[in-house]
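A.B. asks: Data file structure-v7.txt (compact mmCIF, C-alpha atoms) is appended below.
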```
# COMPACT_ATOMS: atom_id res chain seq x y z
CA MET A 1 -17.97 -3.84 3.52
CA SER A 2 -17.58 -2.23 0.14
CA ASP A 3 -14.09 -1.61 -1.13
CA SER A 4 -14.59 2.09 -1.50
CA LEU A 5 -11.32 3.55 -0.26
CA PRO A 6 -9.13 3.62 -3.36
CA ALA A 7 -5.51 4.45 -2.88
CA ARG A 8 -4.68 8.03 -3.69
CA ARG A 9 -3.31 8.21 -7.18
CA GLU A 10 -0.09 10.08 -7.63
CA GLY A 11 -0.84 13.81 -7.83
CA GLN A 12 -4.44 12.95 -8.67
CA ALA A 13 -7.87 13.10 -7.19
CA LEU A 14 -8.47 12.44 -3.52
CA ALA A 15 -10.98 9.69 -4.12
CA GLN A 16 -13.69 8.68 -6.54
CA ILE A 17 -16.99 10.44 -6.08
CA SER A 18 -20.12 9.19 -7.79
CA LEU A 19 -22.10 11.57 -10.00
CA VAL A 20 -25.09 11.54 -7.66
CA ASP A 21 -22.92 12.39 -4.64
CA LEU A 22 -21.21 15.10 -6.63
CA LEU A 23 -24.39 16.70 -7.94
CA ASP A 24 -25.98 16.52 -4.48
CA ARG A 25 -23.13 18.63 -3.17
CA LEU A 26 -22.51 20.91 -6.12
CA LEU A 27 -26.15 21.75 -6.62
CA GLY A 28 -26.96 21.78 -2.93
CA ALA A 29 -30.51 20.85 -3.64
CA GLY A 30 -30.44 17.10 -3.76
CA VAL A 31 -31.07 15.13 -6.88
CA VAL A 32 -34.37 13.29 -7.06
CA VAL A 33 -36.26 11.32 -9.60
CA ALA A 34 -39.69 12.72 -10.31
CA GLY A 35 -42.29 10.73 -12.17
CA ASP A 36 -40.78 7.70 -13.77
CA VAL A 37 -38.75 9.27 -16.50
CA VAL A 38 -37.55 12.62 -15.36
CA ILE A 39 -34.57 13.50 -13.29
CA SER A 40 -35.32 16.79 -11.64
CA LEU A 41 -33.50 18.78 -9.09
CA SER A 42 -35.73 18.81 -6.02
CA GLY A 43 -38.35 20.32 -8.24
CA VAL A 44 -37.23 22.53 -11.07
CA ASP A 45 -38.27 25.50 -8.95
CA LEU A 46 -35.29 25.05 -6.71
CA VAL A 47 -32.99 25.12 -9.67
CA GLN A 48 -34.62 28.31 -10.81
CA ILE A 49 -34.30 29.86 -7.42
CA ARG A 50 -30.70 28.94 -7.32
CA LEU A 51 -30.41 30.11 -10.86
CA ASN A 52 -31.86 33.44 -9.87
CA ALA A 53 -29.34 33.76 -7.12
CA VAL A 54 -26.59 33.27 -9.66
CA ILE A 55 -28.32 35.53 -12.14
CA THR A 56 -28.71 38.23 -9.54
CA THR A 57 -25.02 38.02 -8.85
CA VAL A 58 -24.17 38.29 -12.50
CA ARG A 59 -26.66 41.05 -13.09
CA GLU A 60 -25.52 43.17 -10.17
CA ASP A 61 -22.11 43.10 -11.65
CA MET A 62 -23.11 43.79 -15.19
CA PRO A 63 -22.20 47.35 -15.92
CA ALA A 64 -25.13 49.68 -16.41
CA PRO A 65 -26.06 50.43 -19.99
CA LEU A 66 -23.80 53.01 -21.42
CA THR A 67 -24.21 56.18 -19.49
CA ALA A 68 -22.19 59.31 -19.56
CA GLY A 69 -18.69 58.69 -18.31
CA ARG A 70 -18.99 54.92 -18.23
CA GLY A 71 -18.37 54.04 -21.81
CA ASP A 72 -15.17 52.18 -21.10
CA ARG A 73 -16.41 48.61 -20.87
CA ARG A 74 -17.62 47.20 -24.09
CA GLY A 75 -16.33 44.63 -26.47
CA MET B 1 -16.98 39.88 -29.41
CA ALA B 2 -18.54 37.21 -27.20
CA ASP B 3 -19.56 38.18 -23.70
CA ARG B 4 -17.50 36.35 -21.15
CA GLY B 5 -17.78 35.76 -17.44
CA GLN B 6 -15.64 34.41 -14.64
CA TYR B 7 -16.57 30.93 -13.44
CA LEU B 8 -15.63 30.48 -9.80
CA PHE B 9 -14.57 26.98 -8.74
CA ALA B 10 -13.34 27.50 -5.21
CA VAL B 11 -11.79 29.91 -2.77
CA ALA B 12 -8.59 28.79 -1.09
CA ARG B 13 -6.09 29.96 1.46
CA GLY B 14 -2.37 29.40 1.19
CA LEU B 15 -2.62 28.33 -2.43
CA ASP B 16 0.48 28.47 -4.58
CA PRO B 17 -0.90 28.57 -8.15
CA GLN B 18 2.12 26.74 -9.49
CA GLN B 19 1.12 23.70 -7.46
CA LEU B 20 -2.10 23.32 -9.38
CA GLY B 21 -0.23 21.56 -12.11
CA ASP B 22 -1.85 21.36 -15.49
CA VAL B 23 -5.50 21.04 -14.50
CA SER B 24 -7.52 23.07 -16.93
CA GLY B 25 -10.76 24.93 -16.50
CA LEU B 26 -13.96 24.53 -18.50
CA ARG B 27 -13.70 24.13 -22.25
CA ASP B 28 -9.90 24.08 -21.97
CA ALA B 29 -9.78 27.61 -20.58
CA ALA B 30 -6.77 28.29 -18.41
CA ILE B 31 -7.17 28.34 -14.66
CA GLN B 32 -6.70 31.79 -13.20
CA VAL B 33 -5.91 32.37 -9.55
CA LEU B 34 -6.93 35.74 -8.22
CA GLU B 35 -5.23 36.87 -5.03
CA HIS B 36 -7.39 38.98 -2.74
CA ARG B 37 -6.90 39.80 0.94
CA GLY B 38 -5.06 36.59 1.68
CA LEU B 39 -7.56 34.43 -0.23
CA GLN B 40 -7.16 32.88 -3.65
CA ALA B 41 -10.12 32.68 -6.00
CA VAL B 42 -9.73 29.84 -8.49
CA THR B 43 -11.51 30.79 -11.70
CA CYS B 44 -11.57 30.46 -15.42
CA SER B 45 -13.09 32.49 -18.20
CA VAL B 46 -16.33 31.16 -19.71
CA ASP B 47 -18.50 32.12 -22.63
CA LEU B 48 -21.83 33.53 -21.49
CA ALA B 49 -23.42 32.08 -24.58
CA GLU B 50 -23.04 28.80 -22.70
CA PHE B 51 -22.97 29.95 -19.07
CA GLY B 52 -25.24 32.96 -19.08
CA GLU B 53 -28.75 32.98 -17.63
CA GLU B 54 -30.61 31.96 -20.75
CA ALA B 55 -28.16 29.27 -21.72
CA LEU B 56 -27.94 27.83 -18.21
CA ARG B 57 -31.69 27.29 -18.13
CA ARG B 58 -31.30 25.01 -21.11
CA ASN B 59 -28.01 23.45 -20.25
CA LEU B 60 -28.76 22.57 -16.65
CA GLU B 61 -31.51 20.32 -17.91
CA SER B 62 -29.19 18.29 -20.04
CA LEU B 63 -27.65 15.47 -18.07
CA PRO B 64 -24.60 15.06 -20.30
CA TRP B 65 -23.87 18.79 -20.04
CA LEU B 66 -24.39 18.75 -16.29
CA GLU B 67 -22.20 15.71 -15.83
CA GLY B 68 -19.40 17.17 -17.94
CA VAL B 69 -19.37 20.47 -16.09
CA ALA B 70 -19.68 18.79 -12.68
CA ARG B 71 -16.71 16.54 -13.41
CA ALA B 72 -14.57 19.37 -14.73
CA HIS B 73 -15.59 21.46 -11.71
CA ASP B 74 -14.64 18.62 -9.39
CA ASP B 75 -11.27 18.16 -11.10
CA VAL B 76 -10.35 21.76 -10.33
CA VAL B 77 -11.68 21.58 -6.76
CA GLN B 78 -9.80 18.36 -6.10
CA ALA B 79 -6.55 19.76 -7.52
CA THR B 80 -6.93 22.80 -5.28
CA ALA B 81 -7.87 20.80 -2.18
CA LEU B 82 -4.80 18.62 -2.60
CA VAL B 83 -2.51 21.57 -2.03
CA ALA B 84 -4.41 24.16 0.01
CA THR B 85 -7.28 24.70 2.43
CA THR B 86 -10.25 24.97 0.10
CA ALA B 87 -13.85 26.14 0.21
CA PRO B 88 -15.48 24.60 -2.89
CA MET B 89 -18.12 26.68 -4.64
CA ARG B 90 -21.41 25.26 -5.87
CA LEU B 91 -21.85 24.64 -9.54
CA VAL B 92 -22.18 27.64 -11.87
CA THR B 93 -21.10 30.45 -9.60
CA ILE B 94 -20.38 33.10 -12.17
CA CYS B 95 -19.21 36.70 -11.97
CA SER B 96 -18.95 39.09 -14.83
CA ASP B 97 -15.27 39.96 -14.45
CA GLU B 98 -12.27 40.09 -12.15
CA ALA B 99 -13.52 43.20 -10.38
CA SER B 100 -16.76 41.50 -9.54
CA VAL B 101 -14.94 38.40 -8.25
CA ARG B 102 -13.11 40.68 -5.86
CA ALA B 103 -16.36 42.36 -4.89
CA ARG B 104 -17.87 38.95 -4.23
CA LEU B 105 -14.93 37.96 -2.05
CA ASP B 106 -15.33 41.16 -0.08
CA GLU B 107 -19.00 40.50 0.40
CA TRP B 108 -18.41 36.91 1.51
CA TYR B 109 -15.18 37.53 3.34
CA ASP B 110 -16.26 36.71 6.88
CA GLY B 111 -18.23 33.66 5.81
CA LEU B 112 -15.33 32.41 3.72
CA ALA B 113 -12.83 32.92 6.50
CA THR B 114 -15.07 30.97 8.88
CA ALA B 115 -15.57 28.19 6.35
CA LEU B 116 -11.85 27.93 5.65
CA ASP B 117 -11.09 27.80 9.38
CA ARG B 118 -13.66 25.07 9.74
CA VAL B 119 -12.29 22.86 6.97
CA GLU B 120 -8.60 23.47 7.48
CA GLY B 121 -6.72 20.20 7.82
CA CYS B 122 -9.87 18.18 7.21
CA HIS B 123 -11.55 16.18 4.48
CA GLU B 124 -15.09 15.04 3.95
CA TRP B 125 -16.22 11.44 4.32
CA SER B 126 -19.51 10.01 3.19
CA VAL B 127 -21.12 7.16 5.12
CA LYS B 128 -24.43 5.71 4.05
CA THR B 129 -26.66 3.10 5.62
CA PHE B 130 -29.56 1.24 4.12
CA ALA B 131 -32.65 -0.78 4.89
CA ALA B 132 -32.56 -4.14 3.15
CA PRO B 133 -35.06 -4.26 0.27
CA ALA B 134 -38.41 -5.67 1.38
CA PRO B 135 -38.63 -9.35 0.46
CA ASP B 136 -42.13 -9.30 -1.02
CA SER B 137 -41.39 -11.82 -3.72
CA GLY B 138 -42.04 -14.44 -1.08
CA ASP B 139 -45.74 -13.77 -1.52
CA ASP B 140 -45.72 -14.99 -5.10
CA ALA B 141 -44.28 -18.32 -4.10
CA ALA B 142 -46.71 -18.79 -1.21
CA PRO B 143 -49.75 -20.98 -1.78
CA LYS B 144 -53.03 -19.18 -2.16
CA ASP B 145 -54.52 -18.26 1.19
CA ALA B 146 -57.04 -20.73 2.56
CA SER B 147 -59.51 -18.00 3.43
CA GLY B 148 -60.11 -14.27 3.44
CA ALA B 149 -59.24 -14.19 7.11
CA ALA B 150 -55.93 -15.93 6.41
CA TYR B 151 -55.17 -13.42 3.66
CA LEU B 152 -55.71 -10.52 6.04
CA ALA B 153 -53.69 -12.18 8.78
CA ARG B 154 -50.80 -12.59 6.37
CA LYS B 155 -51.03 -8.95 5.30
CA ARG B 156 -51.10 -7.82 8.91
CA ALA B 157 -48.02 -9.82 9.75
CA ARG B 158 -46.23 -8.42 6.74
CA ALA B 159 -47.13 -4.80 7.59
CA SER B 160 -45.96 -5.33 11.12
CA ASP B 161 -42.68 -6.87 9.94
CA GLN B 162 -42.12 -3.93 7.62
CA ARG B 163 -42.69 -1.43 10.41
CA ALA B 164 -40.29 -3.28 12.68
CA ALA B 165 -37.64 -3.45 9.96
CA ALA B 166 -37.99 0.28 9.24
CA ASP B 167 -37.63 1.09 12.93
CA ALA B 168 -34.57 -1.10 13.25
CA ALA B 169 -32.95 0.49 10.20
CA ALA B 170 -33.62 3.98 11.56
CA GLN B 171 -32.09 3.05 14.88
CA VAL B 172 -28.95 1.67 13.26
CA ALA B 173 -28.65 4.88 11.22
CA ASP B 174 -28.86 6.97 14.38
CA VAL B 175 -26.24 4.88 16.17
CA VAL B 176 -23.87 5.07 13.21
CA HIS B 177 -24.35 8.80 12.81
CA GLN B 178 -23.75 9.42 16.50
CA GLU B 179 -20.64 7.27 16.75
CA LEU B 180 -19.08 8.76 13.64
CA GLY B 181 -20.06 12.25 14.75
CA ARG B 182 -17.93 11.82 17.83
CA ARG B 183 -14.85 11.43 15.60
CA ALA B 184 -15.66 14.31 13.29
CA ARG B 185 -15.25 18.04 13.54
CA ALA B 186 -18.63 18.61 11.92
CA VAL B 187 -21.46 16.48 10.56
CA ARG B 188 -24.36 16.84 8.16
CA ARG B 189 -27.21 14.52 7.34
CA LEU B 190 -27.96 14.88 3.66
CA ALA B 191 -31.21 13.74 2.04
CA PRO B 192 -31.22 10.02 1.27
CA GLN B 193 -30.76 9.29 -2.41
CA ASP B 194 -33.33 7.64 -4.61
CA PRO B 195 -32.37 4.03 -5.38
CA ARG B 196 -33.09 4.63 -9.02
CA LEU B 197 -30.23 7.11 -9.16
CA THR B 198 -27.64 5.13 -7.30
CA GLU B 199 -26.08 1.73 -7.50
CA PHE B 200 -27.56 0.72 -4.14
CA PRO B 201 -30.63 -1.52 -4.26
CA GLY B 202 -32.08 -0.88 -0.82
CA THR B 203 -33.66 2.22 0.67
CA MET B 204 -31.03 4.66 1.86
CA VAL B 205 -31.65 5.65 5.47
CA LEU B 206 -28.53 7.58 6.41
CA ASN B 207 -26.67 9.82 3.97
CA GLY B 208 -24.07 11.19 6.34
CA ALA B 209 -21.31 13.67 5.58
CA TYR B 210 -18.47 13.94 8.09
CA LEU B 211 -15.72 16.54 8.31
CA VAL B 212 -12.74 14.62 9.62
CA ASP B 213 -9.43 16.02 10.74
CA ASP B 214 -6.62 14.38 8.77
CA GLY B 215 -4.98 13.37 12.03
CA SER B 216 -8.11 11.45 13.06
CA ARG B 217 -8.60 9.84 9.68
CA GLU B 218 -7.47 6.36 10.65
CA THR B 219 -9.58 6.37 13.81
CA PHE B 220 -12.63 7.48 11.85
CA ARG B 221 -12.06 4.87 9.20
CA SER B 222 -11.65 2.04 11.66
CA VAL B 223 -14.72 3.07 13.65
CA ALA B 224 -16.70 3.12 10.42
CA GLU B 225 -15.45 -0.28 9.35
CA ASP B 226 -16.16 -1.66 12.79
CA LEU B 227 -19.74 -0.37 12.55
CA ALA B 228 -20.04 -1.95 9.13
CA SER B 229 -19.19 -5.36 10.50
CA ARG B 230 -21.36 -4.84 13.57
CA TYR B 231 -24.40 -4.10 11.37
CA PRO B 232 -23.91 -6.18 8.22
CA ASP B 233 -27.57 -5.86 7.17
CA ALA B 234 -27.28 -2.09 6.95
CA GLY B 235 -24.98 -2.31 3.94
CA ILE B 236 -22.84 0.47 5.37
CA ASP B 237 -20.94 2.26 2.59
CA ILE B 238 -17.87 4.33 3.37
CA ARG B 239 -16.26 6.78 0.94
CA GLY B 240 -13.59 9.42 1.08
CA PRO B 241 -11.53 11.42 1.50
CA TRP B 242 -13.19 14.15 -0.54
CA PRO B 243 -12.85 17.92 -0.64
CA PRO B 244 -15.13 19.41 2.04
CA TYR B 245 -18.06 20.19 -0.24
CA SER B 246 -20.71 19.91 2.42
CA PHE B 247 -18.96 22.07 4.98
CA ALA B 248 -17.89 25.13 3.07
CA THR B 249 -21.27 26.57 2.25
CA LEU B 250 -21.98 30.14 3.11
CA ASP B 251 -25.75 30.05 3.59
CA MET C 1 -30.16 3.94 -14.01
CA ASP C 2 -30.92 1.66 -16.90
CA GLU C 3 -33.55 4.09 -18.14
CA ARG C 4 -31.31 7.10 -18.04
CA ARG C 5 -32.76 9.91 -20.08
CA HIS C 6 -30.53 12.40 -21.77
CA SER C 7 -32.72 15.32 -21.00
CA LEU C 8 -33.70 16.23 -17.49
CA THR C 9 -37.11 17.32 -18.68
CA GLN C 10 -38.84 14.57 -20.50
CA ARG C 11 -41.48 15.21 -23.12
CA LEU C 12 -44.28 12.66 -23.42
CA GLU C 13 -43.54 9.91 -25.87
CA THR C 14 -45.20 10.52 -29.22
CA ASP C 15 -45.13 6.89 -30.32
CA PRO C 16 -48.78 5.68 -30.20
CA GLU C 17 -47.99 2.34 -28.62
CA SER C 18 -46.18 3.84 -25.71
CA VAL C 19 -48.81 6.52 -25.24
CA GLU C 20 -51.27 3.73 -24.66
CA ARG C 21 -48.89 2.00 -22.28
CA ASP C 22 -48.17 5.20 -20.39
CA LEU C 23 -51.83 5.95 -19.95
CA PHE C 24 -52.51 2.40 -18.86
CA LYS C 25 -49.69 2.69 -16.39
CA LEU C 26 -51.22 5.84 -14.96
CA VAL C 27 -54.63 4.24 -14.59
CA LEU C 28 -53.17 1.14 -12.99
CA THR C 29 -51.20 3.28 -10.60
CA VAL C 30 -54.33 4.96 -9.38
CA VAL C 31 -56.14 1.64 -9.04
CA GLU C 32 -53.18 0.17 -7.15
CA LEU C 33 -53.16 3.16 -4.82
CA VAL C 34 -56.84 2.71 -4.05
CA ARG C 35 -56.33 -1.00 -3.52
CA GLN C 36 -53.52 -0.38 -1.04
CA LEU C 37 -55.54 2.23 0.81
CA MET C 38 -58.50 -0.12 1.04
CA GLU C 39 -56.25 -2.89 2.30
CA ALA C 40 -54.68 -0.66 4.93
CA GLN C 41 -58.10 0.48 6.06
CA ALA C 42 -59.35 -3.10 6.25
CA LEU C 43 -56.36 -4.12 8.37
CA ARG C 44 -57.04 -1.23 10.71
CA ARG C 45 -60.67 -2.28 11.13
CA VAL C 46 -59.67 -5.87 11.77
CA GLU C 47 -57.16 -4.74 14.41
CA GLU C 48 -59.79 -2.60 16.09
CA GLY C 49 -61.66 -5.85 16.60
CA ASP C 50 -65.19 -4.61 15.93
CA LEU C 51 -65.88 -6.82 12.92
CA THR C 52 -67.65 -10.14 12.93
CA ASP C 53 -65.89 -13.21 11.61
CA GLU C 54 -68.12 -13.09 8.55
CA GLN C 55 -67.20 -9.49 7.85
CA VAL C 56 -63.50 -10.24 8.22
CA GLU C 57 -63.82 -13.17 5.86
CA GLY C 58 -65.76 -11.10 3.33
CA LEU C 59 -63.24 -8.30 3.44
CA GLY C 60 -60.35 -10.70 3.05
CA GLN C 61 -61.94 -12.49 0.10
CA GLY C 62 -62.73 -9.23 -1.64
CA LEU C 63 -59.24 -7.88 -1.20
CA MET C 64 -57.69 -11.15 -2.27
CA HIS C 65 -59.64 -11.10 -5.53
CA LEU C 66 -58.72 -7.49 -6.06
CA GLU C 67 -55.06 -8.34 -5.67
CA GLU C 68 -55.36 -11.20 -8.12
CA ALA C 69 -57.07 -8.95 -10.64
CA MET C 70 -54.30 -6.37 -10.27
CA ASP C 71 -51.64 -9.02 -10.76
CA GLU C 72 -53.33 -10.10 -13.95
CA LEU C 73 -53.57 -6.56 -15.29
CA LYS C 74 -49.94 -5.86 -14.46
CA ALA C 75 -48.85 -9.06 -16.15
CA ARG C 76 -50.76 -8.16 -19.28
CA TYR C 77 -48.58 -5.09 -19.75
CA ASP C 78 -45.52 -6.59 -18.17
CA LEU C 79 -45.45 -4.16 -15.25
CA THR C 80 -44.29 -4.66 -11.70
CA THR C 81 -45.52 -2.74 -8.69
CA ALA C 82 -42.24 -0.83 -8.75
CA ASP C 83 -42.98 0.31 -12.29
CA LEU C 84 -46.19 1.92 -11.10
CA ASN C 85 -44.64 3.88 -8.32
CA ILE C 86 -44.62 7.63 -8.69
CA ASP C 87 -42.11 9.70 -6.80
CA LEU C 88 -43.61 12.80 -5.23
CA GLY C 89 -40.25 14.27 -4.26
CA PRO C 90 -40.23 15.49 -0.68
CA LEU C 91 -43.47 13.60 -0.02
CA GLY C 92 -41.87 10.30 -0.80
CA THR C 93 -43.25 7.76 -3.20
CA LEU C 94 -46.93 7.38 -3.95
CA LEU C 95 -47.13 3.66 -3.23
CA SER C 96 -45.76 2.45 0.05
CA GLU C 97 -44.51 -0.89 -1.20
```
Turn the structure described in the file into structure tokens.

C.D. replies:
Amino acid sequence: MSDSLPARREGQALAQISLVDLLDRLLGAGVVVAGDVVISLSGVDLVQIRLNAVITTVREDMPAPLTAGRGDRRG
Amino acid sequence: MADRGQYLFAVARGLDPQQLGDVSGLRDAAIQVLEHRGLQAVTCSVDLAEFGEEALRRNLESLPWLEGVARAHDDVVQATALVATTAPMRLVTICSDEASVRARLDEWYDGLATALDRVEGCHEWSVKTFAAPAPDSGDDAAPKDASGAAYLARKRARASDQRAAADAAAQVADVVHQELGRRARAVRRLAPQDPRLTEFPGTMVLNGAYLVDDGSRETFRSVAEDLASRYPDAGIDIRGPWPPYSFATLD
Amino acid sequence: MDERRHSLTQRLETDPESVERDLFKLVLTVVELVRQLMEAQALRRVEEGDLTDEQVEGLGQGLMHLEEAMDELKARYDLTTADLNIDLGPLGTLLSE
């Protein structure tokens, strides 16, 4: 069928992966075309939800605003 | 001073950082490998002006930005997977600092250990099947129908042919998925991709991801190629080996 | 992806000519949807077998003319049926063919 098993390049990538395949996996939401001109990510909502999950992670870790005894992290 | 965060590419086991070679992180930042409880977090420092909440909202909607980050992300994941058992992270997994990366690893520890056990010694393969595009252009060439009844009869026949073709394509997809599944440690059926986004003209029916033990790789490949020649109309597409993106998720 | 857009969120074109074309496209899409639904319904009725020969003939003629009219409209703006199709995401595409 298609010649899609490229030889492994020396010390390089395992194999070529198309952008759609890559985004499908990295974003975990599937990439779809909505309308006739927009490329959305299973509905922008999903991106936002995923975004919130990331944001929550970041936020939880953000140190609390300067409080007594925790003035060490700033810069 | 700019706020910075830690961008997490992957979590590995048995990774010797020196074997990563000269792959760089995002925006030429150096790759940092954080050792924690027998796991290695592969990270780099990023500017939150570009990777923080507000900025991500904008940037994720820009295809060139998304493509650039996805490719750079994949470069790091691939370099890691070449030399160690690797659980790739999804795009834009960001922690505020090293301490929070460690906290994240603690929180995910059991899930990560399970995922790493699952993917150890394996790679991902992608096999897709298709339904041939409907040949409706034949209608244009056909002479005008002799009567209304003839027009309807032709439409009926066409609808029935389309249903039969769709059923056949679905059956082939199931057979392919089952046969390949027997040679894989784990399988996933991903959503079919829109033809407007891919190079494939027909309707994608099967978008299969297969976790294949390296020892079984040749068997898997030959079964797949055999299926491709058994069902030439399905346009079976076989790709791999890839890092195990679809099998290292924690949710 | 010959019509790849650089931004994932597309703003409506502001060029007057393409506004007209876009609106026309939208209208045609709706008309095409109705036409396909009518055709599917007609086929169902014919299969059920409760129509007279005259009714079948009338239905067929009407639908045939409708299809010809659609073809003419599409040609006027250089549109194919594929151009009219709207993707509803998880629901699939609007037009079945």

A.B. asks: Find the residues near C:Phe24: any atom within 12 Å, counting all atoms listed in the file, skip ones fewer than 4 places away on the same chain, and give them as a list in words.

C.D. replies: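 Neighbouring residues, sequence-local ones excluded: Glu17, Ser18, Val19, Glu20, Leu28, Thr29, Val30, Val31, Glu32, Leu73, Lys74, Arg76, Tyr77, Asp78, Leu79, Asp83 and Leu84 of chain C.
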
A.B. asks: Select residues of chain B: the criterion is any atom within 6 Å of an atom of chain A, counting all atoms listed in the file; output as a list in words.

C.D. replies: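 So the contacting residues turn out to be Met1, Gln78, Arg90, Leu91, Cys95, Ser96, Ser100, Arg239, Gly240, Pro241 and Trp242 of chain B.
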
A.B. asks: Can I get the selected residues back with C-alpha atoms, as a PDB file, keeping the file's coordinate frame?

C.D. replies:
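The result, stored in part27.pdb:
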```pdb
ATOM      1  CA  MET B   1     -16.980  39.880 -29.410  1.00  0.00           C
ATOM      2  CA  GLN B  78      -9.800  18.360  -6.100  1.00  0.00           C
ATOM      3  CA  ARG B  90     -21.410  25.260  -5.870  1.00  0.00           C
ATOM      4  CA  LEU B  91     -21.850  24.640  -9.540  1.00  0.00           C
ATOM      5  CA  CYS B  95     -19.210  36.700 -11.970  1.00  0.00           C
ATOM      6  CA  SER B  96     -18.950  39.090 -14.830  1.00  0.00           C
ATOM      7  CA  SER B 100     -16.760  41.500  -9.540  1.00  0.00           C
ATOM      8  CA  ARG B 239     -16.260   6.780   0.940  1.00  0.00           C
ATOM      9  CA  GLY B 240     -13.590   9.420   1.080  1.00  0.00           C
ATOM     10  CA  PRO B 241     -11.530  11.420   1.500  1.00  0.00           C
ATOM     11  CA  TRP B 242     -13.190  14.150  -0.540  1.00  0.00           C
TER      12      TRP B 242
END
```

A.B. asks: State, in Å with one decimal place, the distance from atom CA of B:Ala153 to atom CA of C:Glu54.

C.D. replies: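 We find that atom CA of B:Ala153 and atom CA of C:Glu54 lie 14.5 Å from each other.
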
A.B. asks: Quick one: distance from atom CA of B:Ala164 to atom CA of B:Ala234 in Å, one decimal?

C.D. replies: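 Separating atom CA of B:Ala164 from atom CA of B:Ala234 is a distance of 14.3 Å.
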
A.B. asks: Please identify every residue of chain B that has at least one atom no more than 7 Å from any atom of chain C, counting only C-alpha atoms, and report them as an NGL selection string.

C.D. replies: :B and (61-64 or 147-149 or 151-152 or 156 or 196-197)

A.B. asks: Grab the atom CA of B:Arg158 to atom CA of B:Phe130 distance for me, in Å with one decimal place.

C.D. replies: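 So the two atoms, atom CA of B:Arg158 and atom CA of B:Phe130, lie 19.4 Å apart.
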
A.B. asks: Report, as AutoDock Vina command-line options, the axis-aligned box around all atoms of stretch 76-85 of chain C present in the file, extended by 6 Å on each side; give centre and edge lengths in Å to one decimal place.

C.D. replies:
```
--center_x -46.5 --center_y -2.1 --center_z -14.0 --size_x 20.5 --size_y 24.0 --size_z 23.4
```
